file model.cif (mmCIF, C-alpha atoms)
data_run
#
loop_
_atom_site.label_atom_id
_atom_site.label_comp_id
_atom_site.auth_asym_id
_atom_site.auth_seq_id
_atom_site.Cartn_x
_atom_site.Cartn_y
_atom_site.Cartn_z
CA MET A 10 -64.07 73.70 -19.49
CA THR A 11 -62.72 71.77 -16.52
CA ALA A 12 -63.42 68.51 -18.28
CA ARG A 13 -61.52 69.67 -21.35
CA LEU A 14 -58.54 70.75 -19.24
CA LEU A 15 -58.53 67.41 -17.44
CA LEU A 16 -58.77 65.54 -20.73
CA ARG A 17 -55.96 67.57 -22.26
CA SER A 18 -53.58 67.03 -19.31
CA ALA A 19 -54.48 63.33 -19.29
CA VAL A 20 -53.62 63.10 -22.98
CA ARG A 21 -50.34 64.92 -22.31
CA VAL A 22 -49.41 62.52 -19.49
CA VAL A 23 -50.20 59.48 -21.61
CA SER A 24 -48.25 60.77 -24.62
CA SER A 25 -45.22 61.75 -22.50
CA ARG A 26 -45.22 58.25 -21.03
CA ARG A 27 -44.87 56.87 -24.55
CA LEU A 28 -41.93 59.14 -25.39
CA PHE A 29 -40.07 58.33 -22.17
CA PRO A 30 -41.10 54.87 -21.08
CA ALA A 31 -40.72 54.53 -17.31
CA GLN A 32 -37.85 52.28 -16.26
CA ALA A 33 -39.44 49.41 -14.37
CA ALA A 34 -37.54 48.35 -11.27
CA VAL A 35 -35.62 45.25 -12.28
CA ARG A 36 -35.16 42.84 -9.44
CA GLY A 37 -34.90 39.11 -9.16
CA MET A 38 -35.92 38.54 -12.73
CA ALA A 39 -34.94 34.88 -12.69
CA ALA A 40 -38.38 33.87 -13.91
CA GLY A 41 -41.37 36.16 -13.51
CA GLY A 42 -39.96 38.77 -11.12
CA ILE A 43 -39.87 36.93 -7.81
CA PRO A 44 -36.36 36.71 -6.34
CA THR A 45 -34.76 33.42 -5.37
CA ASP A 46 -33.01 32.69 -2.06
CA GLU A 47 -29.66 32.90 -3.89
CA GLU A 48 -30.50 36.45 -4.98
CA GLN A 49 -32.02 37.76 -1.79
CA ALA A 50 -31.02 35.74 1.31
CA THR A 51 -28.86 37.71 3.74
CA GLY A 52 -27.12 37.38 7.11
CA LEU A 53 -27.03 34.00 8.78
CA GLU A 54 -29.57 32.65 6.29
CA LYS A 55 -27.12 33.36 3.44
CA VAL A 56 -24.16 31.87 5.33
CA LEU A 57 -26.19 28.68 5.84
CA LEU A 58 -27.32 28.63 2.21
CA ASN A 59 -23.72 28.81 0.99
CA ALA A 60 -22.54 26.21 3.51
CA THR A 61 -25.31 23.82 2.47
CA LYS A 62 -24.28 24.22 -1.17
CA LYS A 63 -20.68 23.36 -0.27
CA GLY A 64 -21.86 20.44 1.86
CA THR A 65 -20.27 21.81 5.04
CA ASP A 66 -21.98 21.93 8.42
CA PRO A 67 -20.68 24.96 10.33
CA TYR A 68 -23.66 25.08 12.69
CA SER A 69 -23.88 21.36 13.54
CA MET A 70 -27.25 20.85 11.89
CA PHE A 71 -26.51 17.43 10.42
CA LYS A 72 -26.96 14.14 12.25
CA PRO A 73 -23.75 13.42 14.20
CA LYS A 74 -21.40 11.08 12.35
CA GLU A 75 -20.84 7.63 13.79
CA TYR A 76 -17.42 6.19 14.61
CA ALA A 77 -16.28 2.84 15.95
CA GLY A 78 -14.57 4.45 18.95
CA SER A 79 -11.49 2.28 18.44
CA LYS A 80 -7.92 3.56 18.41
CA GLU A 81 -7.93 3.54 14.58
CA ASP A 82 -11.40 5.14 14.30
CA PRO A 83 -11.87 7.42 17.33
CA HIS A 84 -14.99 9.52 17.93
CA LEU A 85 -14.12 12.88 16.37
CA VAL A 86 -15.51 15.72 18.50
CA PRO A 87 -15.63 19.12 16.76
CA SER A 88 -14.87 22.05 19.05
CA ILE A 89 -14.63 25.82 18.68
CA ALA A 90 -12.31 25.92 21.76
CA ASN A 91 -9.40 23.76 22.95
CA LYS A 92 -11.60 21.52 25.08
CA ARG A 93 -15.18 20.24 25.11
CA ILE A 94 -17.34 18.24 27.51
CA VAL A 95 -18.15 14.77 26.17
CA GLY A 96 -20.87 12.41 27.37
CA CYS A 97 -20.11 8.74 26.75
CA VAL A 98 -23.02 6.26 26.93
CA CYS A 99 -20.52 3.35 26.89
CA GLU A 100 -23.17 0.68 26.12
CA GLU A 101 -26.36 1.53 24.28
CA ASP A 102 -28.77 0.55 27.09
CA ASN A 103 -26.91 2.50 29.78
CA THR A 104 -28.97 5.13 31.54
CA ALA A 105 -26.05 6.84 33.29
CA ILE A 106 -23.90 8.97 30.99
CA VAL A 107 -20.19 9.35 31.76
CA TRP A 108 -19.20 13.00 31.39
CA PHE A 109 -15.62 14.16 31.01
CA TRP A 110 -13.53 16.97 29.52
CA LEU A 111 -11.90 16.17 26.18
CA HIS A 112 -8.78 18.28 25.64
CA GLN A 113 -6.86 19.16 22.50
CA GLY A 114 -4.09 16.66 21.77
CA PRO A 115 -3.44 13.16 20.49
CA GLY A 116 -6.71 11.83 21.95
CA GLN A 117 -8.28 10.53 25.15
CA ARG A 118 -10.27 7.50 26.30
CA CYS A 119 -13.54 7.30 28.19
CA PRO A 120 -12.64 6.70 31.86
CA SER A 121 -15.35 4.02 32.09
CA CYS A 122 -15.43 1.99 28.87
CA GLY A 123 -12.17 3.06 27.24
CA ALA A 124 -13.66 4.29 23.94
CA HIS A 125 -11.30 6.57 22.00
CA TYR A 126 -12.09 10.25 21.52
CA LYS A 127 -10.25 13.00 19.70
CA LEU A 128 -10.89 16.75 19.63
CA VAL A 129 -10.88 18.33 16.16
CA PRO A 130 -10.92 22.10 15.60
CA HIS A 131 -14.21 23.49 14.21
CA GLU A 132 -14.18 26.77 12.28
CA LEU A 133 -17.13 29.13 12.51
CA PRO A 134 -17.93 31.33 9.54
CA HIS A 135 -18.25 34.98 10.49
CA MET B 1 -24.62 36.42 15.72
CA ALA B 2 -20.91 37.00 15.32
CA HIS B 3 -19.61 33.89 17.06
CA GLN B 4 -22.57 31.64 17.66
CA ALA B 5 -22.07 27.94 16.94
CA HIS B 6 -25.70 27.23 16.05
CA ALA B 7 -28.27 28.31 13.43
CA TYR B 8 -30.93 29.61 15.82
CA HIS B 9 -32.13 33.17 16.26
CA MET B 10 -31.08 34.79 19.53
CA VAL B 11 -33.70 37.54 19.80
CA ASP B 12 -32.78 41.00 21.01
CA PRO B 13 -34.48 42.58 24.02
CA SER B 14 -37.79 44.10 22.93
CA PRO B 15 -40.29 46.46 24.61
CA TRP B 16 -43.30 44.97 22.78
CA PRO B 17 -44.17 42.14 25.22
CA LEU B 18 -44.43 44.76 27.98
CA THR B 19 -46.44 47.30 25.96
CA GLY B 20 -48.61 44.42 24.68
CA ALA B 21 -49.34 43.22 28.21
CA ILE B 22 -50.23 46.75 29.34
CA GLY B 23 -52.35 47.22 26.22
CA ALA B 24 -54.25 43.96 26.83
CA LEU B 25 -54.88 44.88 30.48
CA LEU B 26 -56.14 48.34 29.54
CA LEU B 27 -58.28 46.90 26.76
CA THR B 28 -60.04 44.32 28.97
CA SER B 29 -60.50 46.55 32.01
CA GLY B 30 -61.40 49.46 29.71
CA THR B 31 -64.07 47.36 28.01
CA ALA B 32 -65.52 46.42 31.42
CA ILE B 33 -65.58 50.10 32.36
CA TRP B 34 -67.23 50.93 29.05
CA PHE B 35 -69.97 48.33 29.70
CA HIS B 36 -70.58 49.46 33.28
CA PHE B 37 -69.94 53.22 33.27
CA HIS B 38 -70.26 54.22 29.58
CA SER B 39 -66.75 55.70 29.45
CA THR B 40 -64.62 54.67 26.47
CA ILE B 41 -61.37 56.44 27.45
CA LEU B 42 -59.56 53.43 28.92
CA ALA B 43 -60.79 51.04 26.23
CA SER B 44 -59.65 53.41 23.47
CA LEU B 45 -56.26 53.81 25.13
CA GLY B 46 -55.93 50.03 25.38
CA LEU B 47 -56.96 49.58 21.76
CA VAL B 48 -54.46 52.16 20.51
CA LEU B 49 -51.63 50.68 22.61
CA THR B 50 -52.48 47.14 21.45
CA LEU B 51 -52.60 48.18 17.78
CA LEU B 52 -49.30 50.09 18.08
CA THR B 53 -47.69 47.07 19.74
CA MET B 54 -48.96 44.70 17.04
CA TYR B 55 -47.73 46.95 14.26
CA GLN B 56 -44.26 47.52 15.68
CA TRP B 57 -43.71 43.96 16.89
CA TRP B 58 -44.57 42.46 13.51
CA ARG B 59 -42.56 45.17 11.75
CA ASP B 60 -39.56 44.07 13.85
CA ILE B 61 -40.13 40.43 12.89
CA VAL B 62 -40.22 41.37 9.18
CA ARG B 63 -36.95 43.23 9.65
CA GLU B 64 -35.34 40.28 11.44
CA GLY B 65 -36.53 37.72 8.91
CA THR B 66 -36.31 39.53 5.58
CA PHE B 67 -33.64 42.19 6.08
CA GLN B 68 -31.31 40.64 8.67
CA GLY B 69 -31.51 36.99 7.63
CA HIS B 70 -32.28 35.58 11.08
CA HIS B 71 -34.98 33.22 9.77
CA THR B 72 -32.72 30.29 8.85
CA PRO B 73 -34.29 26.90 7.97
CA PRO B 74 -34.31 25.67 11.63
CA VAL B 75 -35.87 28.99 12.70
CA GLN B 76 -38.52 28.64 9.98
CA LYS B 77 -39.27 25.17 11.32
CA GLY B 78 -39.89 26.70 14.75
CA LEU B 79 -42.22 29.28 13.20
CA ARG B 80 -44.11 26.42 11.51
CA TYR B 81 -44.58 24.57 14.80
CA GLY B 82 -45.70 27.82 16.42
CA MET B 83 -48.33 28.50 13.77
CA ILE B 84 -49.60 24.89 13.92
CA LEU B 85 -49.98 25.11 17.71
CA PHE B 86 -51.70 28.49 17.42
CA ILE B 87 -54.23 27.23 14.86
CA THR B 88 -54.81 24.11 17.00
CA SER B 89 -55.68 26.38 19.93
CA GLU B 90 -58.05 28.29 17.64
CA VAL B 91 -59.77 25.02 16.69
CA PHE B 92 -60.49 24.36 20.38
CA PHE B 93 -61.69 27.94 20.82
CA PHE B 94 -64.36 27.35 18.15
CA ALA B 95 -65.07 23.82 19.43
CA GLY B 96 -66.40 25.52 22.58
CA PHE B 97 -68.96 27.54 20.62
CA PHE B 98 -70.09 24.49 18.65
CA TRP B 99 -70.47 22.63 21.94
CA ALA B 100 -72.69 25.42 23.26
CA PHE B 101 -74.74 25.39 20.07
CA TYR B 102 -75.27 21.60 20.01
CA HIS B 103 -75.87 21.47 23.75
CA SER B 104 -78.75 23.92 23.32
CA SER B 105 -80.14 22.71 19.99
CA LEU B 106 -79.95 18.89 20.14
CA ALA B 107 -82.33 18.71 23.13
CA PRO B 108 -84.18 22.04 23.18
CA THR B 109 -85.62 22.83 26.61
CA PRO B 110 -89.37 23.31 27.23
CA GLU B 111 -88.73 27.05 27.64
CA LEU B 112 -87.71 27.18 23.97
CA GLY B 113 -90.86 25.33 22.98
CA GLY B 114 -88.98 22.02 22.74
CA CYS B 115 -87.95 22.82 19.18
CA TRP B 116 -85.06 24.37 17.22
CA PRO B 117 -85.05 27.10 16.05
CA PRO B 118 -86.89 28.08 19.25
CA THR B 119 -90.52 29.20 19.09
CA GLY B 120 -90.74 32.76 17.82
CA ILE B 121 -87.34 32.72 16.09
CA THR B 122 -87.28 33.11 12.32
CA ALA B 123 -83.93 31.71 11.19
CA LEU B 124 -82.06 33.00 8.15
CA ASP B 125 -82.55 31.10 4.90
CA PRO B 126 -79.35 29.07 4.44
CA PHE B 127 -79.76 29.01 0.65
CA GLU B 128 -79.63 32.76 0.20
CA VAL B 129 -76.68 34.92 1.38
CA PRO B 130 -75.05 32.20 3.56
CA LEU B 131 -74.72 29.94 0.50
CA LEU B 132 -73.16 32.82 -1.45
CA ASN B 133 -70.77 33.34 1.48
CA THR B 134 -69.80 29.66 1.31
CA ALA B 135 -69.04 30.03 -2.39
CA VAL B 136 -67.06 33.22 -1.76
CA LEU B 137 -64.88 31.59 0.90
CA LEU B 138 -64.32 28.43 -1.17
CA ALA B 139 -63.31 30.59 -4.14
CA SER B 140 -60.90 32.53 -1.93
CA GLY B 141 -59.33 29.20 -0.92
CA VAL B 142 -58.71 28.54 -4.60
CA THR B 143 -57.22 32.00 -5.26
CA VAL B 144 -54.88 31.79 -2.25
CA THR B 145 -53.57 28.45 -3.56
CA TRP B 146 -53.13 30.05 -6.97
CA ALA B 147 -51.12 32.82 -5.27
CA HIS B 148 -48.93 30.27 -3.49
CA HIS B 149 -48.14 28.35 -6.68
CA SER B 150 -47.41 31.61 -8.52
CA LEU B 151 -45.02 32.57 -5.73
CA MET B 152 -43.22 29.23 -5.92
CA GLU B 153 -43.06 29.38 -9.72
CA GLY B 154 -41.71 32.95 -9.65
CA GLU B 155 -44.75 34.47 -11.38
CA ARG B 156 -44.85 37.88 -9.71
CA LYS B 157 -47.75 39.33 -11.68
CA GLN B 158 -50.04 36.35 -11.10
CA ALA B 159 -49.06 36.17 -7.42
CA ILE B 160 -50.07 39.80 -6.90
CA GLN B 161 -53.29 39.44 -8.90
CA SER B 162 -54.45 36.26 -7.18
CA LEU B 163 -53.54 37.55 -3.71
CA THR B 164 -55.46 40.78 -4.42
CA LEU B 165 -58.43 38.69 -5.50
CA THR B 166 -58.22 36.68 -2.26
CA VAL B 167 -58.23 39.85 -0.13
CA LEU B 168 -61.15 41.25 -2.13
CA LEU B 169 -63.14 38.02 -1.64
CA GLY B 170 -62.41 38.27 2.10
CA LEU B 171 -63.71 41.84 2.16
CA TYR B 172 -66.78 40.80 0.14
CA PHE B 173 -67.52 38.06 2.69
CA THR B 174 -67.25 40.57 5.54
CA ALA B 175 -69.56 43.01 3.74
CA LEU B 176 -72.15 40.27 3.12
CA GLN B 177 -72.01 39.19 6.76
CA ALA B 178 -72.42 42.79 7.92
CA MET B 179 -75.52 43.04 5.72
CA GLU B 180 -76.88 39.75 7.12
CA TYR B 181 -76.37 40.99 10.67
CA TYR B 182 -78.09 44.26 9.85
CA GLU B 183 -81.10 42.52 8.36
CA ALA B 184 -81.33 39.58 10.79
CA PRO B 185 -84.81 39.24 12.33
CA PHE B 186 -83.32 38.23 15.73
CA THR B 187 -80.64 39.72 17.99
CA ILE B 188 -77.91 38.50 20.34
CA ALA B 189 -80.37 39.16 23.19
CA ASP B 190 -83.01 36.77 21.78
CA GLY B 191 -82.28 33.84 24.09
CA VAL B 192 -79.88 30.98 23.48
CA TYR B 193 -80.50 30.98 19.72
CA GLY B 194 -79.31 34.56 19.34
CA SER B 195 -76.43 34.04 21.77
CA THR B 196 -75.00 30.94 20.10
CA PHE B 197 -75.62 32.31 16.60
CA PHE B 198 -73.98 35.70 17.08
CA VAL B 199 -71.12 34.56 19.31
CA ALA B 200 -70.11 31.75 16.91
CA THR B 201 -70.59 33.65 13.64
CA GLY B 202 -69.32 36.89 15.23
CA PHE B 203 -66.02 35.35 16.30
CA HIS B 204 -65.76 33.75 12.88
CA GLY B 205 -66.30 37.15 11.29
CA LEU B 206 -63.58 38.61 13.51
CA HIS B 207 -61.26 35.85 12.32
CA VAL B 208 -62.10 36.60 8.69
CA ILE B 209 -61.16 40.23 9.32
CA ILE B 210 -57.88 39.15 10.97
CA GLY B 211 -57.17 36.71 8.11
CA SER B 212 -57.91 39.36 5.47
CA THR B 213 -55.55 41.76 7.26
CA PHE B 214 -52.87 39.04 7.42
CA LEU B 215 -53.28 38.38 3.67
CA ALA B 216 -53.28 42.13 2.90
CA VAL B 217 -49.96 42.49 4.77
CA CYS B 218 -48.63 39.59 2.67
CA LEU B 219 -49.83 41.36 -0.48
CA ILE B 220 -47.93 44.53 0.50
CA ARG B 221 -44.83 42.46 1.32
CA GLN B 222 -45.16 40.63 -2.01
CA ILE B 223 -45.37 43.95 -3.88
CA LYS B 224 -42.27 45.12 -1.96
CA TYR B 225 -40.30 42.00 -3.01
CA HIS B 226 -40.00 40.55 0.51
CA PHE B 227 -40.78 36.96 -0.49
CA THR B 228 -38.47 34.65 -2.40
CA SER B 229 -39.71 31.65 -4.36
CA ASN B 230 -38.51 29.41 -1.53
CA HIS B 231 -38.69 31.50 1.66
CA HIS B 232 -42.15 33.02 2.24
CA PHE B 233 -43.37 31.57 5.53
CA GLY B 234 -45.32 34.73 6.38
CA PHE B 235 -47.47 34.04 3.34
CA GLU B 236 -47.80 30.33 4.12
CA ALA B 237 -48.91 31.11 7.68
CA ALA B 238 -51.54 33.51 6.31
CA ALA B 239 -52.73 30.84 3.88
CA TRP B 240 -52.95 28.22 6.63
CA TYR B 241 -54.91 30.65 8.76
CA TRP B 242 -57.21 31.48 5.84
CA HIS B 243 -57.93 27.78 5.19
CA PHE B 244 -58.69 27.36 8.89
CA VAL B 245 -61.19 30.23 8.78
CA ASP B 246 -62.68 28.69 5.63
CA VAL B 247 -63.17 25.27 7.31
CA VAL B 248 -64.73 26.88 10.40
CA TRP B 249 -67.24 28.58 8.10
CA LEU B 250 -68.15 25.26 6.46
CA PHE B 251 -68.92 23.83 9.91
CA LEU B 252 -70.88 26.98 10.86
CA TYR B 253 -72.83 26.83 7.63
CA VAL B 254 -73.71 23.14 7.87
CA SER B 255 -74.46 23.26 11.63
CA ILE B 256 -75.94 26.61 12.50
CA TYR B 257 -77.33 27.94 9.20
CA TRP B 258 -78.47 24.71 7.53
CA TRP B 259 -79.16 21.99 10.10
CA GLY B 260 -80.06 24.62 12.70
CA SER B 261 -82.80 26.16 10.56
#

call {"tool": "encode", "arguments": {"input": "model.cif", "output": "structure tokens"}}
result
Amino acid sequence: MTARLLLRSAVRVVSSRRLFPAQAAVRGMAAGGIPTDEEQATGLEKVLLNATKKGTDPYSMFKPKEYAGSKEDPHLVPSIANKRIVGCVCEEDNTAIVWFWLHQGPGQRCPSCGAHYKLVPHELPH
Amino acid sequence: MAHQAHAYHMVDPSPWPLTGAIGALLLTSGTAIWFHFHSTILASLGLVLTLLTMYQWWRDIVREGTFQGHHTPPVQKGLRYGMILFITSEVFFFAGFFWAFYHSSLAPTPELGGCWPPTGITALDPFEVPLLNTAVLLASGVTVTWAHHSLMEGERKQAIQSLTLTVLLGLYFTALQAMEYYEAPFTIADGVYGSTFFVATGFHGLHVIIGSTFLAVCLIRQIKYHFTSNHHFGFEAAAWYWHFVDVVWLFLYVSIYWWGS
């Protein structure tokens, strides 16, 4: 009796499934159902992902660019404010670094070796 | 994160280091009290607090990484270094037990009968269950790699199936070891043979249980769509840990079960 009831309800469940197929959750169906970073990254991870695609470096993750330090090709120092502390090594073997404030404006020179520096505004995504 | 000029994760204040420290203190002192005075109250309290801390701390990390996007590429690199250092420390932990084993077995003292296994000890046959265990762990190393490649290729179904298989193989190993312990003709109190055997294989068994739990959490997270084809360090850390446990077993098998019998 119980077995027959169980069997009957099981048959009913199976047949109703066929009439109304359950909608499977569709997510990240790029290939086999696992999302990609593009589909699922969020927050800072997503900001970085988009910046990397555009080739920009809002969080200073790339190797610093090199400049000659001359008047024509000054060291460009990105800053989120209107001034930033700069450390100039002057000559590559020097062990004492010359620190000074670089302010917004036409540019400044290292007080020791005279290398040219210029502050450039740096935008943060937020 | 509103105005930070870097890609690192500035963590929020969290109660879990404090509750974890209290839990660890209660667990160790509670275990000592259990051994000396047969009262399990403090040890149970410590265990519950430690487990609650582990659950909630890791839950927070999943939230930060998967749902808040704090695990940027440089942060993931830090997690990689952290896991490598942790596994390195685990290698040295086991190196200590192997040292104890070889110290005692390479030049057995007269008290042992000058031989290894010591006089009166019947060692387990390495070509019965221990060999099966070796096969089980090696197979689980294959299935976890299958799961990783499925994840990277975006094959959800295969990733879930192979990860399930890996967890099941881990549970099978634990069950076989439990049976071996139950049927072993010697105990942890049977001199230096029993001590080195059960401490080394016992800690390995504990690590298998931890690794299986780690992989099971990854399976749940995989089912819940936490991992992307590119960002799934939680899974990779579990796989690294699992391979480590696998390699430790190979050394245990060759040294203690095979050479040592």

call {"tool": "closest_residue", "arguments": {"input": "model.cif", "among": "A:Gly64, A:Asp82, A:Cys97, A:Ser88", "to": "chain B", "atoms": "all atoms listed in the file"}}
result
A:Ser88

call {"tool": "interface_residues", "arguments": {"input": "model.cif", "of": "chain A", "to": "chain B", "cutoff": "12 Å", "atoms": "only C-alpha atoms", "output": "JSON, numbers by chain"}}
result
{"A": [34, 35, 36, 37, 38, 39, 40, 41, 42, 43, 44, 45, 46, 47, 48, 49, 50, 51, 52, 53, 54, 55, 56, 57, 58, 60, 61, 66, 67, 68, 69, 70, 71, 87, 88, 89, 90, 131, 132, 133, 134, 135]}

call {"tool": "write_last_selection", "arguments": {"input": "model.cif", "atoms": "C-alpha atoms", "output": "tab-separated table (two decimals), keeping the file's coordinate frame"}}
result
chain	number	residue	atom	x	y	z
A	34	ALA	CA	-37.54	48.35	-11.27
A	35	VAL	CA	-35.62	45.25	-12.28
A	36	ARG	CA	-35.16	42.84	-9.44
A	37	GLY	CA	-34.90	39.11	-9.16
A	38	MET	CA	-35.92	38.54	-12.73
A	39	ALA	CA	-34.94	34.88	-12.69
A	40	ALA	CA	-38.38	33.87	-13.91
A	41	GLY	CA	-41.37	36.16	-13.51
A	42	GLY	CA	-39.96	38.77	-11.12
A	43	ILE	CA	-39.87	36.93	-7.81
A	44	PRO	CA	-36.36	36.71	-6.34
A	45	THR	CA	-34.76	33.42	-5.37
A	46	ASP	CA	-33.01	32.69	-2.06
A	47	GLU	CA	-29.66	32.90	-3.89
A	48	GLU	CA	-30.50	36.45	-4.98
A	49	GLN	CA	-32.02	37.76	-1.79
A	50	ALA	CA	-31.02	35.74	1.31
A	51	THR	CA	-28.86	37.71	3.74
A	52	GLY	CA	-27.12	37.38	7.11
A	53	LEU	CA	-27.03	34.00	8.78
A	54	GLU	CA	-29.57	32.65	6.29
A	55	LYS	CA	-27.12	33.36	3.44
A	56	VAL	CA	-24.16	31.87	5.33
A	57	LEU	CA	-26.19	28.68	5.84
A	58	LEU	CA	-27.32	28.63	2.21
A	60	ALA	CA	-22.54	26.21	3.51
A	61	THR	CA	-25.31	23.82	2.47
A	66	ASP	CA	-21.98	21.93	8.42
A	67	PRO	CA	-20.68	24.96	10.33
A	68	TYR	CA	-23.66	25.08	12.69
A	69	SER	CA	-23.88	21.36	13.54
A	70	MET	CA	-27.25	20.85	11.89
A	71	PHE	CA	-26.51	17.43	10.42
A	87	PRO	CA	-15.63	19.12	16.76
A	88	SER	CA	-14.87	22.05	19.05
A	89	ILE	CA	-14.63	25.82	18.68
A	90	ALA	CA	-12.31	25.92	21.76
A	131	HIS	CA	-14.21	23.49	14.21
A	132	GLU	CA	-14.18	26.77	12.28
A	133	LEU	CA	-17.13	29.13	12.51
A	134	PRO	CA	-17.93	31.33	9.54
A	135	HIS	CA	-18.25	34.98	10.49

call {"tool": "residues_around", "arguments": {"input": "model.cif", "residues": "segment 120-125 of chain A", "least_positions_apart": "5", "cutoff": "12 Å", "atoms": "only C-alpha atoms", "output": "number ranges by chain"}}
result
A: 76-86, 95-101, 103, 105-111, 115

call {"tool": "atom_distance", "arguments": {"input": "model.cif", "atom1": "atom CA of Lys92 of chain A", "atom2": "atom CA of Val11 of chain B"}}
result
27.8 Å

call {"tool": "atom_distance", "arguments": {"input": "model.cif", "atom1": "atom CA of His207 of chain B", "atom2": "atom CA of Val245 of chain B"}}
result
6.6 Å

call {"tool": "resolve_selection", "arguments": {"input": "model.cif", "expression": "the PyMOL selection byres ((chain B and resi 216) around 12)", "output": "number ranges by chain"}}
result
B: 144, 160, 162-171, 208-215, 217-223, 234-235, 238-239, 242

call {"tool": "write_last_selection", "arguments": {"input": "model.cif", "atoms": "C-alpha atoms", "output": "PDB file, in the frame of the given file"}}
result
ATOM      1  CA  VAL B 144     -54.880  31.790  -2.250  1.00  0.00           C
ATOM      2  CA  ILE B 160     -50.070  39.800  -6.900  1.00  0.00           C
ATOM      3  CA  SER B 162     -54.450  36.260  -7.180  1.00  0.00           C
ATOM      4  CA  LEU B 163     -53.540  37.550  -3.710  1.00  0.00           C
ATOM      5  CA  THR B 164     -55.460  40.780  -4.420  1.00  0.00           C
ATOM      6  CA  LEU B 165     -58.430  38.690  -5.500  1.00  0.00           C
ATOM      7  CA  THR B 166     -58.220  36.680  -2.260  1.00  0.00           C
ATOM      8  CA  VAL B 167     -58.230  39.850  -0.130  1.00  0.00           C
ATOM      9  CA  LEU B 168     -61.150  41.250  -2.130  1.00  0.00           C
ATOM     10  CA  LEU B 169     -63.140  38.020  -1.640  1.00  0.00           C
ATOM     11  CA  GLY B 170     -62.410  38.270   2.100  1.00  0.00           C
ATOM     12  CA  LEU B 171     -63.710  41.840   2.160  1.00  0.00           C
ATOM     13  CA  VAL B 208     -62.100  36.600   8.690  1.00  0.00           C
ATOM     14  CA  ILE B 209     -61.160  40.230   9.320  1.00  0.00           C
ATOM     15  CA  ILE B 210     -57.880  39.150  10.970  1.00  0.00           C
ATOM     16  CA  GLY B 211     -57.170  36.710   8.110  1.00  0.00           C
ATOM     17  CA  SER B 212     -57.910  39.360   5.470  1.00  0.00           C
ATOM     18  CA  THR B 213     -55.550  41.760   7.260  1.00  0.00           C
ATOM     19  CA  PHE B 214     -52.870  39.040   7.420  1.00  0.00           C
ATOM     20  CA  LEU B 215     -53.280  38.380   3.670  1.00  0.00           C
ATOM     21  CA  VAL B 217     -49.960  42.490   4.770  1.00  0.00           C
ATOM     22  CA  CYS B 218     -48.630  39.590   2.670  1.00  0.00           C
ATOM     23  CA  LEU B 219     -49.830  41.360  -0.480  1.00  0.00           C
ATOM     24  CA  ILE B 220     -47.930  44.530   0.500  1.00  0.00           C
ATOM     25  CA  ARG B 221     -44.830  42.460   1.320  1.00  0.00           C
ATOM     26  CA  GLN B 222     -45.160  40.630  -2.010  1.00  0.00           C
ATOM     27  CA  ILE B 223     -45.370  43.950  -3.880  1.00  0.00           C
ATOM     28  CA  GLY B 234     -45.320  34.730   6.380  1.00  0.00           C
ATOM     29  CA  PHE B 235     -47.470  34.040   3.340  1.00  0.00           C
ATOM     30  CA  ALA B 238     -51.540  33.510   6.310  1.00  0.00           C
ATOM     31  CA  ALA B 239     -52.730  30.840   3.880  1.00  0.00           C
ATOM     32  CA  TRP B 242     -57.210  31.480   5.840  1.00  0.00           C
TER      33      TRP B 242
END

call {"tool": "atom_distance", "arguments": {"input": "model.cif", "atom1": "atom CA of His149 of chain B", "atom2": "atom CA of Tyr241 of chain B"}}
result
17.0 Å

call {"tool": "closest_residue", "arguments": {"input": "model.cif", "among": "A:Ile94, A:Thr65, A:Thr104, A:Lys74", "to": "Cys119 of chain A", "atoms": "only C-alpha atoms"}}
result
A:Ile94

call {"tool": "residues_around", "arguments": {"input": "model.cif", "residues": "Ile121 of chain B", "least_positions_apart": "3", "cutoff": "7 Å", "atoms": "all atoms listed in the file", "output": "MDAnalysis selection string"}}
result
chainID B and resid 117:118 186
